[in-house]
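Peer 1: Got a structure for you, written out below as structure tokens; questions coming shortly.
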Number of protein chains: 2
Amino acid sequence: MGTAEKKGKLFIISGPSGTGKGTICKALLERNDIEISISMTTRAPREGEIHGVSYYFATREEFEKTIAEGGFLEYADVFGNYYGTPKAMVVEKLEQGRDVVLEIDVQGAINAKKVYPESVLIFILPPSLEELRARIVGRGTETEDVINLRLSKALEEMSYIDKYDYYVVNDVIDDAIIRTEAIMLAEHGRVIRDDVETMLDKYKEEKNVISIS
Amino acid sequence: MGTAEKKGKLFIISGPSGTGKGTICKALLERNDIEISISMTTRAPREGEIHGVSYYFATREEFEKTIAEGGFLEYADVFGNYYGTPKAMVVEKLEQGRDVVLEIDVQGAINAKKVYPESVLIFILPPSLEELRARIVGRGTETEDVINLRLSKALEEMSYIDKYDYYVVNDVIDDAIIRTEAIMLAEHGRVIRDDVETMLDKYKEEKNVISIS
């Protein structure tokens, strides 16, 4: 089984809010020839948002039909609006041999791994809780209660790290980007039974180079 | 359990003869702050070889005593001379947090993985058998029969690739080095239960940054 050419890989960049996963994903896209997964949502487009670029905008009816068909890698209902990752579009790109990056929260990442077990899950960690606090406070928009709530949630989300394949501590952003890129490159050399069997077949077909000369 | 600081990792660079694993290891050592594992042997030192640098030279009695004590990651008897990788010296470096690179043949790599399962096994592949033939022929020292024998052996060794963690195709050497380094960097971010539990404990100890402010 397996397609003729090597399939792309799905890299899921995840972690608590404030750890910088968005910044890392943006850099990955700028620096590498990869695709980003675009979410589907039922919320109304905001000014400047473009259908098919920012999001796929859908009605609740369309969204729920896709849920019923098992068409999401993951989805969630957030304050009455659905957000989800349509499976078909991701799989299509992977089949074309394209790597896809998906930025998502911890619960979504774990769900996506269940639906697509070949996903590579990367957990972005803050260097410390104190530093995470400083980053949240730095945004200047949150009350003390909300900050504490977000830190507690971050700590709770971190307890799911054992469901992940890799972690990257985002202390110095350039270093975190390099480490994430190293994971992506390394994963292309990971020994996966089906892949290496296809590879070995190619060498075996060449066996004539041994007997003839 | 576990030591206070992060342990180093053992990277075993392996593959058929002629695939360039020696060249890759040499470059890894030049470009990175890592240790190389030095073999023990019972063969006589050749001119210019230094004890503790080229090899640890030992008597057959000493070598067999170490075998009996289970002191080798792997060893082999090659035309009446023993060659082996002393476990204690590798483990000592790993405990000090140093990464160790071990260049070794396929059978040795598989044995070492049994003794030290945390080893990261990297299989160096030729771009094709034809290219491997060209490289062997290029050395100009082998008869046609020996070349064919070596190619058959290479193909047989490749069938063990599913025991490995990663593979690197050595087509362009600089690319192969970069891919091997990416694997080494990525493995430092791999989620391993004991390691991440220790990490999470550090964040949890910080929990006071949540309630106080």
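Letters A, B, ... go to the chains of the structure tokens in the order shown; residues in each chain start at 1; ligands are counted from 1 in the same order.
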Taking only C-alpha atoms into account, find every residue of chain A that has an atom no more than 7 Å from chain B, and write it out as a CSV table (one decimal) with all heavy atoms, in the first residue's frame.

Peer 2:
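Final output, iface.csv:
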chain,number,residue,atom,x,y,z
A,128,SER,N,9.4,29.6,31.9
A,128,SER,CA,8.9,29.5,33.3
A,128,SER,C,7.5,30.1,33.3
A,128,SER,O,7.1,30.8,32.5
A,128,SER,CB,9.9,30.2,34.2
A,128,SER,OG,9.8,31.6,34.0
A,129,LEU,N,6.8,29.7,34.4
A,129,LEU,CA,5.5,30.3,34.6
A,129,LEU,C,5.6,31.8,34.9
A,129,LEU,O,4.8,32.6,34.4
A,129,LEU,CB,4.8,29.7,35.8
A,129,LEU,CG,4.1,28.4,35.6
A,129,LEU,CD1,3.2,28.1,36.9
A,129,LEU,CD2,3.2,28.4,34.4
A,130,GLU,N,6.7,32.2,35.5
A,130,GLU,CA,7.0,33.6,35.8
A,130,GLU,C,7.1,34.4,34.5
A,130,GLU,O,6.6,35.5,34.4
A,130,GLU,CB,8.2,33.8,36.7
A,130,GLU,CG,8.3,35.1,37.4
A,130,GLU,CD,9.4,35.1,38.4
A,130,GLU,OE1,10.0,34.1,38.7
A,130,GLU,OE2,9.5,36.2,39.1
A,148,ASN,N,-4.3,35.1,36.5
A,148,ASN,CA,-4.2,33.9,37.4
A,148,ASN,C,-4.9,32.7,36.8
A,148,ASN,O,-4.4,31.6,36.8
A,148,ASN,CB,-4.7,34.2,38.8
A,148,ASN,CG,-3.7,35.1,39.6
A,148,ASN,OD1,-2.5,35.0,39.3
A,148,ASN,ND2,-4.2,35.8,40.5
A,151,LEU,N,-2.9,31.4,33.9
A,151,LEU,CA,-1.7,30.7,34.4
A,151,LEU,C,-2.1,29.3,34.9
A,151,LEU,O,-1.4,28.3,34.6
A,151,LEU,CB,-0.9,31.4,35.4
A,151,LEU,CG,-0.2,32.7,34.9
A,151,LEU,CD1,0.4,33.5,36.1
A,151,LEU,CD2,1.0,32.3,34.0
A,152,SER,N,-3.2,29.2,35.6
A,152,SER,CA,-3.7,27.9,36.1
A,152,SER,C,-4.0,27.0,34.9
A,152,SER,O,-3.7,25.8,34.9
A,152,SER,CB,-4.9,28.1,36.9
A,152,SER,OG,-4.6,28.8,38.1
A,162,ASP,N,2.6,14.6,27.9
A,162,ASP,CA,3.0,13.2,27.6
A,162,ASP,C,2.2,12.6,26.4
A,162,ASP,O,2.5,11.5,25.9
A,162,ASP,CB,2.9,12.3,28.8
A,162,ASP,CG,1.5,12.2,29.4
A,162,ASP,OD1,0.7,13.1,29.0
A,162,ASP,OD2,1.3,11.3,30.2
A,164,TYR,N,2.2,14.3,23.7
A,164,TYR,CA,2.9,14.9,22.5
A,164,TYR,C,4.2,14.1,22.1
A,164,TYR,O,4.7,13.3,22.9
A,164,TYR,CB,3.3,16.3,23.0
A,164,TYR,CG,2.1,17.3,22.9
A,164,TYR,CD1,1.1,17.1,23.7
A,164,TYR,CD2,2.1,18.3,22.0
A,164,TYR,CE1,0.0,18.0,23.7
A,164,TYR,CE2,1.0,19.2,21.9
A,164,TYR,CZ,0.0,19.0,22.7
A,164,TYR,OH,-1.1,19.9,22.7
A,165,ASP,N,4.7,14.4,20.9
A,165,ASP,CA,5.9,13.8,20.5
A,165,ASP,C,7.1,14.6,20.9
A,165,ASP,O,8.2,14.0,21.2
A,165,ASP,CB,5.8,13.7,18.9
A,165,ASP,CG,4.7,12.8,18.5
A,165,ASP,OD1,4.6,11.6,18.8
A,165,ASP,OD2,3.7,13.4,17.8
A,166,TYR,N,7.0,15.9,20.8
A,166,TYR,CA,8.2,16.8,21.1
A,166,TYR,C,7.7,18.0,21.9
A,166,TYR,O,6.5,18.4,21.9
A,166,TYR,CB,8.8,17.3,19.8
A,166,TYR,CG,9.3,16.3,18.9
A,166,TYR,CD1,8.6,15.8,17.8
A,166,TYR,CD2,10.6,15.9,19.0
A,166,TYR,CE1,9.1,14.8,17.0
A,166,TYR,CE2,11.2,14.9,18.1
A,166,TYR,CZ,10.4,14.4,17.1
A,166,TYR,OH,10.9,13.5,16.3
A,167,TYR,N,8.7,18.6,22.6
A,167,TYR,CA,8.4,19.9,23.2
A,167,TYR,C,9.5,20.9,22.8
A,167,TYR,O,10.6,20.5,22.4
A,167,TYR,CB,8.4,19.8,24.7
A,167,TYR,CG,9.7,19.4,25.3
A,167,TYR,CD1,10.6,20.3,25.7
A,167,TYR,CD2,10.0,18.1,25.6
A,167,TYR,CE1,11.8,20.0,26.3
A,167,TYR,CE2,11.2,17.7,26.1
A,167,TYR,CZ,12.1,18.6,26.5
A,167,TYR,OH,13.3,18.2,27.0
A,168,VAL,N,9.2,22.1,22.7
A,168,VAL,CA,10.2,23.2,22.4
A,168,VAL,C,9.9,24.3,23.5
A,168,VAL,O,8.8,24.8,23.6
A,168,VAL,CB,10.0,23.8,21.0
A,168,VAL,CG1,10.8,25.0,20.8
A,168,VAL,CG2,10.3,22.7,19.9
A,179,ARG,N,14.8,25.0,16.6
A,179,ARG,CA,14.4,23.7,17.2
A,179,ARG,C,13.2,23.0,16.5
A,179,ARG,O,13.2,21.8,16.3
A,179,ARG,CB,14.3,23.8,18.7
A,179,ARG,CG,15.6,23.9,19.4
A,179,ARG,CD,15.4,24.1,20.9
A,179,ARG,NE,16.7,24.3,21.5
A,179,ARG,CZ,17.5,23.4,22.0
A,179,ARG,NH1,17.1,22.1,21.9
A,179,ARG,NH2,18.7,23.6,22.5
A,182,ALA,N,14.2,21.8,13.1
A,182,ALA,CA,15.0,20.6,13.3
A,182,ALA,C,14.1,19.4,13.4
A,182,ALA,O,14.3,18.3,12.8
A,182,ALA,CB,16.0,20.7,14.4
A,183,ILE,N,13.0,19.6,14.2
A,183,ILE,CA,12.0,18.5,14.4
A,183,ILE,C,11.4,18.1,13.1
A,183,ILE,O,11.2,16.9,12.7
A,183,ILE,CB,11.0,18.9,15.4
A,183,ILE,CG1,11.6,19.0,16.8
A,183,ILE,CG2,9.8,17.9,15.4
A,183,ILE,CD1,10.7,19.7,17.9
A,185,LEU,N,12.6,18.5,10.0
A,185,LEU,CA,13.5,17.9,9.2
A,185,LEU,C,13.8,16.5,9.6
A,185,LEU,O,13.8,15.5,8.9
A,185,LEU,CB,14.8,18.7,9.1
A,185,LEU,CG,15.9,18.3,8.1
A,185,LEU,CD1,15.3,18.4,6.7
A,185,LEU,CD2,17.1,19.3,8.2
A,186,ALA,N,14.0,16.3,11.0
A,186,ALA,CA,14.3,15.0,11.5
A,186,ALA,C,13.1,14.0,11.2
A,186,ALA,O,13.4,12.9,10.9
A,186,ALA,CB,14.5,15.1,13.0
A,189,GLY,N,13.1,11.9,8.3
A,189,GLY,CA,14.0,10.8,8.3
A,189,GLY,C,13.7,9.7,9.3
A,189,GLY,O,14.4,8.8,9.5
A,190,ARG,N,12.5,9.9,9.9
A,190,ARG,CA,12.1,8.9,10.8
A,190,ARG,C,11.7,7.6,10.1
A,190,ARG,O,11.2,7.5,9.1
A,190,ARG,CB,10.8,9.4,11.6
A,190,ARG,CG,10.2,8.4,12.6
A,190,ARG,CD,9.4,9.1,13.6
A,190,ARG,NE,10.3,9.8,14.6
A,190,ARG,CZ,10.9,9.2,15.5
A,190,ARG,NH1,10.9,7.9,15.7
A,190,ARG,NH2,11.7,9.9,16.3
A,191,VAL,N,12.2,6.5,10.8
A,191,VAL,CA,11.9,5.2,10.2
A,191,VAL,C,10.4,4.8,10.5
A,191,VAL,O,10.0,4.6,11.7
A,191,VAL,CB,12.8,4.1,10.8
A,191,VAL,CG1,12.4,2.7,10.4
A,191,VAL,CG2,14.2,4.3,10.3
A,193,ARG,N,7.5,2.0,9.2
A,193,ARG,CA,7.6,0.7,8.5
A,193,ARG,C,7.2,0.8,7.0
A,193,ARG,O,8.0,0.4,6.1
A,193,ARG,CB,6.7,-0.3,9.2
A,193,ARG,CG,6.8,-1.7,8.6
A,193,ARG,CD,6.1,-2.7,9.6
A,193,ARG,NE,6.9,-2.9,10.8
A,193,ARG,CZ,7.8,-3.8,10.9
A,193,ARG,NH1,8.1,-4.6,9.9
A,193,ARG,NH2,8.4,-4.0,12.1
A,203,TYR,N,15.9,-0.1,-3.7
A,203,TYR,CA,17.2,-0.7,-3.7
A,203,TYR,C,17.2,-2.1,-4.3
A,203,TYR,O,18.1,-2.5,-5.1
A,203,TYR,CB,17.8,-0.7,-2.3
A,203,TYR,CG,18.1,0.7,-1.8
A,203,TYR,CD1,17.3,1.3,-0.8
A,203,TYR,CD2,19.3,1.4,-2.2
A,203,TYR,CE1,17.6,2.5,-0.3
A,203,TYR,CE2,19.6,2.7,-1.7
A,203,TYR,CZ,18.7,3.2,-0.7
A,203,TYR,OH,19.0,4.5,-0.2
A,206,GLU,N,17.2,-2.6,-7.9
A,206,GLU,CA,18.5,-2.3,-8.5
A,206,GLU,C,19.5,-3.4,-8.4
A,206,GLU,O,20.7,-3.3,-8.7
A,206,GLU,CB,19.1,-1.1,-7.6
A,206,GLU,CG,18.9,0.3,-8.1
A,206,GLU,CD,19.9,1.1,-7.5
A,206,GLU,OE1,19.9,1.3,-6.3
A,206,GLU,OE2,20.8,1.6,-8.2
A,209,VAL,N,22.7,-4.3,-10.4
A,209,VAL,CA,24.0,-3.7,-10.3
A,209,VAL,C,25.0,-4.6,-9.6
A,209,VAL,O,26.2,-4.4,-9.7
A,209,VAL,CB,24.1,-2.3,-9.7
A,209,VAL,CG1,23.1,-1.4,-10.5
A,209,VAL,CG2,23.8,-2.3,-8.2
A,210,ILE,N,24.5,-5.6,-8.9
A,210,ILE,CA,25.5,-6.4,-8.2
A,210,ILE,C,26.0,-7.5,-9.1
A,210,ILE,O,27.2,-7.7,-9.3
A,210,ILE,CB,24.8,-7.1,-6.9
A,210,ILE,CG1,24.4,-6.0,-5.9
A,210,ILE,CG2,25.7,-8.1,-6.3
A,210,ILE,CD1,23.6,-6.5,-4.8
A,211,SER,N,25.1,-8.3,-9.7
A,211,SER,CA,25.5,-9.4,-10.5
A,211,SER,C,26.1,-9.0,-11.8
A,211,SER,O,27.1,-9.6,-12.2
A,211,SER,CB,24.3,-10.4,-10.7
A,211,SER,OG,23.2,-9.7,-10.9

Peer 1: List as a PyMOL selection string the protein and nucleic acid residues near Glu92 in chain B, meaning an atom at most 12 Å away when only C-alpha atoms are counted, but skip any in the same chain fewer than 4 places from it.

Peer 2: chain B and resi 7-10+35+37+86-88+96-100

Peer 1: CA of Arg46 in chain A to CA of Cys25 in chain A: how many Å, to one decimal?

Peer 2: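 That distance, rounded to one decimal, is 21.8 Å.
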
Peer 1: Mind giving me the straight-line distance from CA of Gly80 in chain A to CA of Glu157 in chain A in Å, one decimal?

Peer 2: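 Between CA of Gly80 in chain A and CA of Glu157 in chain A the gap is 22.3 Å.
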
Peer 1: Can you tell me, as a VMD selection string, which residues in range 133-173 of chain A count as helix (DSSP H, G or I) by DSSP?

Peer 2: chain A and resid 133 to 139 144 to 158 161 to 163 173

Peer 1: Pull C-alpha atoms from the residues just selected and write them as a tab-separated table (two decimals), in the first residue's frame.

Peer 2:
chain	number	residue	atom	x	y	z
A	133	ARG	CA	3.01	35.76	33.60
A	134	ALA	CA	5.28	38.60	32.48
A	135	ARG	CA	4.28	38.06	28.84
A	136	ILE	CA	0.57	38.06	29.68
A	137	VAL	CA	0.94	41.12	31.90
A	138	GLY	CA	2.97	42.78	29.13
A	139	ARG	CA	-0.05	42.73	26.86
A	144	GLU	CA	-5.19	40.09	37.81
A	145	ASP	CA	-7.94	37.47	38.09
A	146	VAL	CA	-7.81	36.70	34.40
A	147	ILE	CA	-4.00	36.43	34.51
A	148	ASN	CA	-4.20	33.93	37.38
A	149	LEU	CA	-6.87	31.98	35.55
A	150	ARG	CA	-4.74	31.81	32.42
A	151	LEU	CA	-1.67	30.66	34.36
A	152	SER	CA	-3.69	27.93	36.08
A	153	LYS	CA	-5.04	26.84	32.72
A	154	ALA	CA	-1.51	26.82	31.24
A	155	LEU	CA	-0.32	24.57	34.06
A	156	GLU	CA	-3.27	22.24	33.55
A	157	GLU	CA	-2.65	22.08	29.79
A	158	MET	CA	1.03	21.28	30.38
A	161	ILE	CA	2.55	16.98	27.42
A	162	ASP	CA	2.99	13.21	27.58
A	163	LYS	CA	0.50	12.92	24.69
A	173	ILE	CA	12.39	32.94	19.76

Peer 1: Quick check for you: according to DSSP on this backbone, which residues of range 35-97 of chain B are classed as strand (DSSP E or B)? Reply as a list in words.

Peer 2: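 For range 35-97 of chain B, the strand (DSSP E or B) set is Glu35, Ile36, Met40, Thr41, His51, Tyr55, Tyr56, Phe57, Phe72, Leu73, Glu74, Tyr75, Ala76, Asp77, Val78, Asn81, Tyr82, Tyr83, Gly84, Thr85 and Pro86 of chain B.
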
Peer 1: Okay, now the selection with N, CA and C atoms, as a compact mmCIF listing (two decimals), in the first residue's frame?

Peer 2:
# COMPACT_ATOMS: atom_id res chain seq x y z
N GLU B 35 30.95 14.29 22.21
CA GLU B 35 32.02 13.33 22.44
C GLU B 35 31.91 12.18 21.45
N ILE B 36 33.04 11.56 21.15
CA ILE B 36 32.98 10.36 20.33
C ILE B 36 33.35 9.16 21.21
N MET B 40 37.51 -0.32 22.18
CA MET B 40 38.58 -1.13 22.75
C MET B 40 38.91 -2.23 21.76
N THR B 41 40.18 -2.54 21.61
CA THR B 41 40.56 -3.63 20.70
C THR B 41 41.74 -4.41 21.25
N HIS B 51 46.92 5.22 22.37
CA HIS B 51 46.02 4.59 23.34
C HIS B 51 45.11 5.65 23.97
N TYR B 55 42.22 4.10 19.90
CA TYR B 55 41.57 2.95 20.53
C TYR B 55 42.04 2.87 21.98
N TYR B 56 41.31 2.08 22.77
CA TYR B 56 41.88 1.55 23.99
C TYR B 56 42.46 0.18 23.64
N PHE B 57 43.74 0.03 23.75
CA PHE B 57 44.37 -1.25 23.43
C PHE B 57 44.37 -2.14 24.67
N PHE B 72 30.31 -4.34 27.73
CA PHE B 72 30.32 -3.76 26.38
C PHE B 72 28.91 -3.40 25.91
N LEU B 73 28.80 -2.28 25.24
CA LEU B 73 27.56 -1.97 24.53
C LEU B 73 27.41 -2.94 23.37
N GLU B 74 28.53 -3.26 22.76
CA GLU B 74 28.58 -4.25 21.68
C GLU B 74 30.04 -4.62 21.51
N TYR B 75 30.27 -5.80 20.98
CA TYR B 75 31.63 -6.20 20.61
C TYR B 75 31.55 -7.25 19.52
N ALA B 76 32.66 -7.46 18.85
CA ALA B 76 32.71 -8.47 17.79
C ALA B 76 34.14 -8.99 17.69
N ASP B 77 34.22 -10.21 17.22
CA ASP B 77 35.52 -10.82 16.96
C ASP B 77 35.72 -10.76 15.45
N VAL B 78 36.68 -9.95 15.02
CA VAL B 78 36.89 -9.74 13.58
C VAL B 78 38.25 -10.33 13.19
N ASN B 81 40.64 -10.71 16.09
CA ASN B 81 40.82 -9.57 16.99
C ASN B 81 39.47 -9.08 17.50
N TYR B 82 39.44 -8.79 18.78
CA TYR B 82 38.22 -8.23 19.36
C TYR B 82 38.16 -6.72 19.14
N TYR B 83 36.95 -6.26 18.89
CA TYR B 83 36.67 -4.82 18.89
C TYR B 83 35.38 -4.61 19.69
N GLY B 84 35.33 -3.60 20.51
CA GLY B 84 34.11 -3.39 21.28
C GLY B 84 33.98 -1.97 21.80
N THR B 85 32.76 -1.64 22.21
CA THR B 85 32.48 -0.31 22.77
C THR B 85 32.26 -0.44 24.27
N PRO B 86 33.22 0.01 25.08
CA PRO B 86 33.08 -0.12 26.53
C PRO B 86 31.92 0.75 27.03

Peer 1: Show which residues sit within 10 Å of Ile177 in chain B, as a PyMOL selection string. Count only C-alpha atoms, and ignore same-chain residues fewer than 6 positions away.

Peer 2: chain B and resi 21+23-28+31+168+170+183

Peer 1: If you keep all heavy atoms, can you produce a file of those selected residues as a short mmCIF file (atom, residue, chain, number, x, y, z; two decimals), in the first residue's frame?

Peer 2:
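After the write, again_32.cif holds the following:
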data_model
loop_
_atom_site.label_atom_id
_atom_site.label_comp_id
_atom_site.auth_asym_id
_atom_site.auth_seq_id
_atom_site.Cartn_x
_atom_site.Cartn_y
_atom_site.Cartn_z
N LYS B 21 29.49 6.99 6.56
CA LYS B 21 29.19 7.28 7.96
C LYS B 21 30.40 7.87 8.69
O LYS B 21 30.24 8.71 9.58
CB LYS B 21 28.64 6.04 8.69
CG LYS B 21 29.50 4.79 8.65
CD LYS B 21 28.73 3.63 9.32
CE LYS B 21 29.61 2.40 9.49
NZ LYS B 21 29.99 1.76 8.22
N THR B 23 32.70 9.89 7.38
CA THR B 23 32.79 11.31 7.00
C THR B 23 31.76 12.14 7.77
O THR B 23 32.06 13.25 8.23
CB THR B 23 32.53 11.46 5.48
OG1 THR B 23 33.34 10.50 4.78
CG2 THR B 23 32.87 12.86 5.00
N ILE B 24 30.56 11.59 7.90
CA ILE B 24 29.51 12.30 8.63
C ILE B 24 29.92 12.48 10.10
O ILE B 24 29.80 13.57 10.66
CB ILE B 24 28.16 11.56 8.49
CG1 ILE B 24 27.65 11.68 7.06
CG2 ILE B 24 27.12 12.11 9.48
CD1 ILE B 24 26.47 10.79 6.72
N CYS B 25 30.43 11.43 10.71
CA CYS B 25 30.82 11.50 12.12
C CYS B 25 31.94 12.52 12.34
O CYS B 25 31.92 13.27 13.32
CB CYS B 25 31.29 10.13 12.62
SG CYS B 25 29.91 9.05 12.97
N LYS B 26 32.89 12.52 11.43
CA LYS B 26 34.01 13.46 11.52
C LYS B 26 33.46 14.90 11.51
O LYS B 26 33.85 15.74 12.31
CB LYS B 26 34.95 13.23 10.34
CG LYS B 26 36.31 13.89 10.45
CD LYS B 26 37.30 13.26 9.46
CE LYS B 26 38.57 14.08 9.39
NZ LYS B 26 38.43 15.34 8.64
N ALA B 27 32.53 15.16 10.60
CA ALA B 27 31.95 16.50 10.49
C ALA B 27 31.13 16.84 11.74
O ALA B 27 31.19 17.97 12.25
CB ALA B 27 31.06 16.58 9.25
N LEU B 28 30.40 15.87 12.27
CA LEU B 28 29.60 16.10 13.49
C LEU B 28 30.51 16.55 14.63
O LEU B 28 30.18 17.47 15.39
CB LEU B 28 28.86 14.83 13.91
CG LEU B 28 27.73 14.35 13.00
CD1 LEU B 28 27.13 13.05 13.56
CD2 LEU B 28 26.65 15.41 12.83
N ARG B 31 31.84 20.12 14.13
CA ARG B 31 30.85 21.20 14.14
C ARG B 31 30.06 21.30 15.43
O ARG B 31 29.31 22.26 15.61
CB ARG B 31 29.87 20.98 12.98
CG ARG B 31 30.48 21.19 11.61
CD ARG B 31 29.66 20.49 10.52
NE ARG B 31 28.26 20.84 10.54
CZ ARG B 31 27.66 21.63 9.65
NH1 ARG B 31 28.35 22.17 8.67
NH2 ARG B 31 26.36 21.88 9.74
N VAL B 168 19.18 8.53 7.11
CA VAL B 168 19.67 9.70 6.38
C VAL B 168 20.28 9.19 5.08
O VAL B 168 21.16 8.33 5.11
CB VAL B 168 20.74 10.46 7.21
CG1 VAL B 168 21.43 11.53 6.35
CG2 VAL B 168 20.13 11.09 8.45
N ASN B 170 22.71 9.63 2.28
CA ASN B 170 23.91 10.43 2.02
C ASN B 170 24.14 10.58 0.53
O ASN B 170 24.90 9.83 -0.07
CB ASN B 170 25.13 9.80 2.70
CG ASN B 170 26.37 10.66 2.51
OD1 ASN B 170 26.28 11.81 2.08
ND2 ASN B 170 27.52 10.11 2.84
N ILE B 183 18.38 15.73 13.50
CA ILE B 183 17.91 14.60 14.32
C ILE B 183 18.43 14.76 15.75
O ILE B 183 17.68 14.58 16.72
CB ILE B 183 18.38 13.26 13.71
CG1 ILE B 183 17.65 12.99 12.39
CG2 ILE B 183 18.19 12.10 14.70
CD1 ILE B 183 18.27 11.89 11.54
#

Peer 1: Quick one: pull the distance between CA of Ser119 in chain A and CA of Asp174 in chain B, Å, one decimal.

Peer 2: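 Calculated distance between CA of Ser119 in chain A and CA of Asp174 in chain B is 28.3 Å.
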